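Worksheet: one structure, shown below.
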There are 2 protein chains.
Amino acid sequence: MTFTLTIEDGAARRGTLRLAHGDVETPTFMPVGTAATVKALTPDDLRTAHTQIVLANTYHLWLRPGKDLIVEAGGLHEFMQWHGPILTDSGGFQVFSLQDRRTLDDDGVTFASHIDGSTHRFTPENVIAFQEAIGVDIAMVLDVCVKLPATPAQIAESVRLTTLWAKRSADARTRAATAVFAIVQGGLDLAMRERSAREVVALDLPGYAIGGLSVGESREELYATARHTAALLPREKPRYLMGVGTVRDIITAVDGGIDMFDCVYPTRCGRNGRAMTRSGEFNIRNAASVRDFSPVDPQCDCSVCTTFTRAYLAHLFRANEMLGPRLLSYHNVYVLNALMRDARDAIERGMWTTFRDEILRGLTGVHKE
Amino acid sequence: MTFTLTIEDGAARRGTLRLAHGDVETPTFMPVGTAATVKALTPDDLRTAHTQIVLANTYHLWLRPGKDLIVEAGGLHEFMQWHGPILTDSGGFQVFSLQDRRTLDDDGVTFASHIDGSTHRFTPENVIAFQEAIGVDIAMVLDVCVKLPATPAQIAESVRLTTLWAKRSADARTRAATAVFAIVQGGLDLAMRERSAREVVALDLPGYAIGGLSVGESREELYATARHTAALLPREKPRYLMGVGTVRDIITAVDGGIDMFDCVYPTRCGRNGRAMTRSGEFNIRNAASVRDFSPVDPQCDCSVCTTFTRAYLAHLFRANEMLGPRLLSYHNVYVLNALMRDARDAIERGMWTTFRDEILRGLTGVHKE
């Protein structure tokens, strides 16, 4: 993996990640394909929606269909027939959300499957081995994520283990085509973020993520912590803010120097009838959409917006027709990919702050926050 | 509408229906788009799966989104963005399935909506007016369908009203671009089928359907009744067997002189994990598919079969991922469209009986019956 930082405009950055399965222009958004499928969409849909890289979840794939089957299929790319770059998370976030179903020790974490209750164990080493075996382009280290608010002791312990495990993950690497990224933890405590960043940056890994955010804190706390932490990371390496995927959050984080994002938000919203646009979000089930024969997003040139009306999508959602979630998931992913493309253009043209302000001012619809 | 019968091979027929929105080569299968959407598929999917004509349901569209909205959208084609031919049924089949929720009189049928319990009334005239208003290519007359087994009196009454209503439907026509087809009823009683056919054929409508079958009778009864009734219909007009959609049923009915079919079967099967192939059907959730890296149907050249494995589809269904139903619905529709294309070729080449026997002999998998 190589990362080329081409231009900076303030803290905002324009770069190119060269990965085993292709190039990724940054800043970029990664749609989430939890179980080796971005829900409702085909790989061809992802391509026509200008997706550059897909995220999949180690926790889910580990449990179903499992490593052996994916290896037998020829790896995750072959299995799901997405031939562009793939990043997998480490499963840490999912395991630590299990609460009563997992036990943590210095060596790893033991947990009960949410599917059948069977016992499994993640260690820094076996999680790297899993991601390498299924052949992903970017693997994440196993980290310890705490739910916010958390006590100083909980945060310190999560940072200690995250560093320890990042070292062990780095040592466990065996495959050049899989780049391993470390994760910075530390909650909202900037001193702990500094310690965590210093410790993982010392490992000289090819990329760094900011974890433990978008887990219950306020938007202001998210923005301040992400911006502060981004500045602690090496300038010449990609920076990935985990779990962020609204227009406002992404634009604000790009402004703070982040290069990569992932979130289930656009596809989850799509399934629930929530349309994302440059002007904000709205629910397509609302009465206002029923007789509205305009596109979901008049500023969007995706195949859904150039083909169907809000009235038709409102009908599909009200009639519980699967085509509704499918079409709106596609549109929402397209919107974020187009936003990232325009953000890259703006940075290249030295127009980032103008673009940023236009986007943030334009968000007049009903938002998540 | 014009229908050109080009070749006959035994009772099997090869023709072309010229409709307001395009030509339909017969014999043909019509996927069902109940609520102005063939479940999980886009109009573009329908086209690439070689669909020539789509069926939609008057009953469902009447209730939701309703005539006014579809008219405001510019008609059903514009609303759903399918620009090929559309046939709508009359709602008769759905209303008579409501059992306790409808009252029949000589003038029409009053029923309670399955959605909100509101009261609605279908008459021969308003059902034709509805179908003409939404601009379909083929409209069906309101008929009275009886559930089998039925008493002779029930069957006689259904034939009497079906003829009466067909006459009124013919008189209610106002739009040249919508061809109105009548329906033959009569249960399994061949004398009643003869009476019904004689009476509706006398109305000289552009096409005729065989209704009241595929409603609980045995396969042998279905085949015998459909074949007998088809022979009672005018040679130079299209013949449509309602509600039939398995490979075996279609091939047998084409052999009896039927030109058109519709059924939810391929898409319903697709959503439930049941794969249709030329060699029979199987459930993709079965253990045998889990590690099977061959295509769903090795004889199929659809984009699902040329891209994904049975193992991947088995995973999608086991993980309850929407992409599974979507992909398998597409494949199943493609399979029936390809079957019809090959049936047309066989008739053209004078090879119908060879083709028919090959298909029926090849159906060695687990079938519906």
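Chains: A, B, ... in order of the structure tokens. Residues: from 1 per chain. Ligands: from 1, in order shown.
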Counting only C-alpha atoms, what is within 8 Å of segment 80-82 of chain B, bar same-chain residues fewer than 5 positions away, as a ChimeraX atom specification?
/A:307-308,312 /B:36-37,43
Using only C-alpha atoms, I'd like a table of the residues in chain B that come within 8 Å of chain A; for each, show the closest atom pair and its distance in Å rounded to one decimal, ordered by chain and ascending number, as CSV.
```
residue,atom,partner,partner_atom,distance
B:Ala35,CA,A:Ala319,CA,7.5
B:Thr37,CA,A:Leu323,CA,7.4
B:Lys39,CA,A:Met322,CA,6.4
B:Ala40,CA,A:Leu323,CA,4.7
B:Leu41,CA,A:Leu323,CA,6.4
B:Thr42,CA,A:Leu323,CA,7.2
B:Arg64,CA,A:Ala319,CA,7.6
B:Pro65,CA,A:His315,CA,6.4
B:Leu69,CA,A:Arg291,CA,6.9
B:Ala73,CA,A:Phe293,CA,6.9
B:Phe79,CA,A:Tyr312,CA,6.3
B:Met80,CA,A:Tyr312,CA,6.8
B:Gln81,CA,A:Phe308,CA,6.9
B:Arg291,CA,A:Leu69,CA,6.9
B:Phe293,CA,A:Ala73,CA,6.9
B:Thr307,CA,A:Gln81,CA,7.0
B:Phe308,CA,A:Gln81,CA,6.9
B:Thr309,CA,A:Phe79,CA,7.8
B:Tyr312,CA,A:Phe79,CA,6.3
B:His315,CA,A:Pro65,CA,6.4
B:Leu316,CA,A:Thr37,CA,8.0
B:Ala319,CA,A:Ala35,CA,7.5
B:Glu321,CA,A:Lys39,CA,6.5
B:Met322,CA,A:Ala40,CA,5.1
B:Leu323,CA,A:Ala40,CA,4.7
B:Arg326,CA,A:Ala40,CA,7.6
```
Name the residues of segment 21-248 of chain A that come out as strand (DSSP E) in a backbone DSSP run; write them as a ChimeraX atom specification.
/A:22-26,28-31,54-56,86-88,102-105,108-112,119-122,138-140,179-184,207-210,239-241
Can I get the selected residues back with C-alpha atoms, as a CSV table (one decimal), in the first residue's frame?
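Writing done, so here's part_9.csv:
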```
chain,number,residue,atom,x,y,z
A,22,GLY,CA,-7.1,-0.6,-7.0
A,23,ASP,CA,-6.7,3.0,-6.2
A,24,VAL,CA,-8.9,5.0,-3.8
A,25,GLU,CA,-9.0,8.7,-4.2
A,26,THR,CA,-9.3,10.4,-0.8
A,28,THR,CA,-13.5,8.8,0.5
A,29,PHE,CA,-16.6,7.2,2.0
A,30,MET,CA,-16.8,3.4,2.4
A,31,PRO,CA,-20.3,1.8,2.2
A,54,VAL,CA,-16.3,-1.3,0.6
A,55,LEU,CA,-16.1,-2.1,4.3
A,56,ALA,CA,-17.0,-5.6,5.6
A,86,ILE,CA,-12.1,-4.0,0.7
A,87,LEU,CA,-11.4,-2.9,4.3
A,88,THR,CA,-12.5,-5.1,7.1
A,102,ARG,CA,-18.2,-11.2,26.3
A,103,THR,CA,-15.2,-11.5,28.7
A,104,LEU,CA,-12.1,-9.4,28.2
A,105,ASP,CA,-8.6,-10.4,29.3
A,108,GLY,CA,-8.1,-11.2,23.9
A,109,VAL,CA,-11.9,-11.4,24.2
A,110,THR,CA,-14.2,-14.3,24.5
A,111,PHE,CA,-17.8,-13.9,23.3
A,112,ALA,CA,-21.0,-15.6,22.6
A,119,THR,CA,-18.4,-19.4,22.1
A,120,HIS,CA,-15.7,-17.6,20.1
A,121,ARG,CA,-12.5,-15.9,20.9
A,122,PHE,CA,-10.8,-13.0,19.2
A,138,ILE,CA,-6.9,-3.1,4.6
A,139,ALA,CA,-7.2,-4.9,7.9
A,140,MET,CA,-7.9,-3.2,11.2
A,179,ALA,CA,-2.2,-3.2,5.0
A,180,VAL,CA,-2.9,-3.2,8.7
A,181,PHE,CA,-4.2,0.1,10.2
A,182,ALA,CA,-4.0,0.8,13.9
A,183,ILE,CA,-6.7,2.5,15.9
A,184,VAL,CA,-6.5,5.5,18.4
A,207,GLY,CA,-2.6,4.0,8.3
A,208,TYR,CA,-4.4,5.1,11.4
A,209,ALA,CA,-8.0,5.2,12.4
A,210,ILE,CA,-9.8,7.2,15.1
A,239,ARG,CA,-6.5,8.9,8.5
A,240,TYR,CA,-9.8,7.1,8.9
A,241,LEU,CA,-12.7,8.2,11.2
```
DSSP on the backbone: which residues in segment 8-171 of chain B end up as alpha helix (DSSP H)? Give the answer as number ranges by chain.
B: 43-48, 58-63, 67-72, 76-80, 92-97, 124-133, 152-171
Taken to one decimal, the atom CA of Ser158 of chain B-atom CA of Arg193 of chain B distance is 11.0 Å
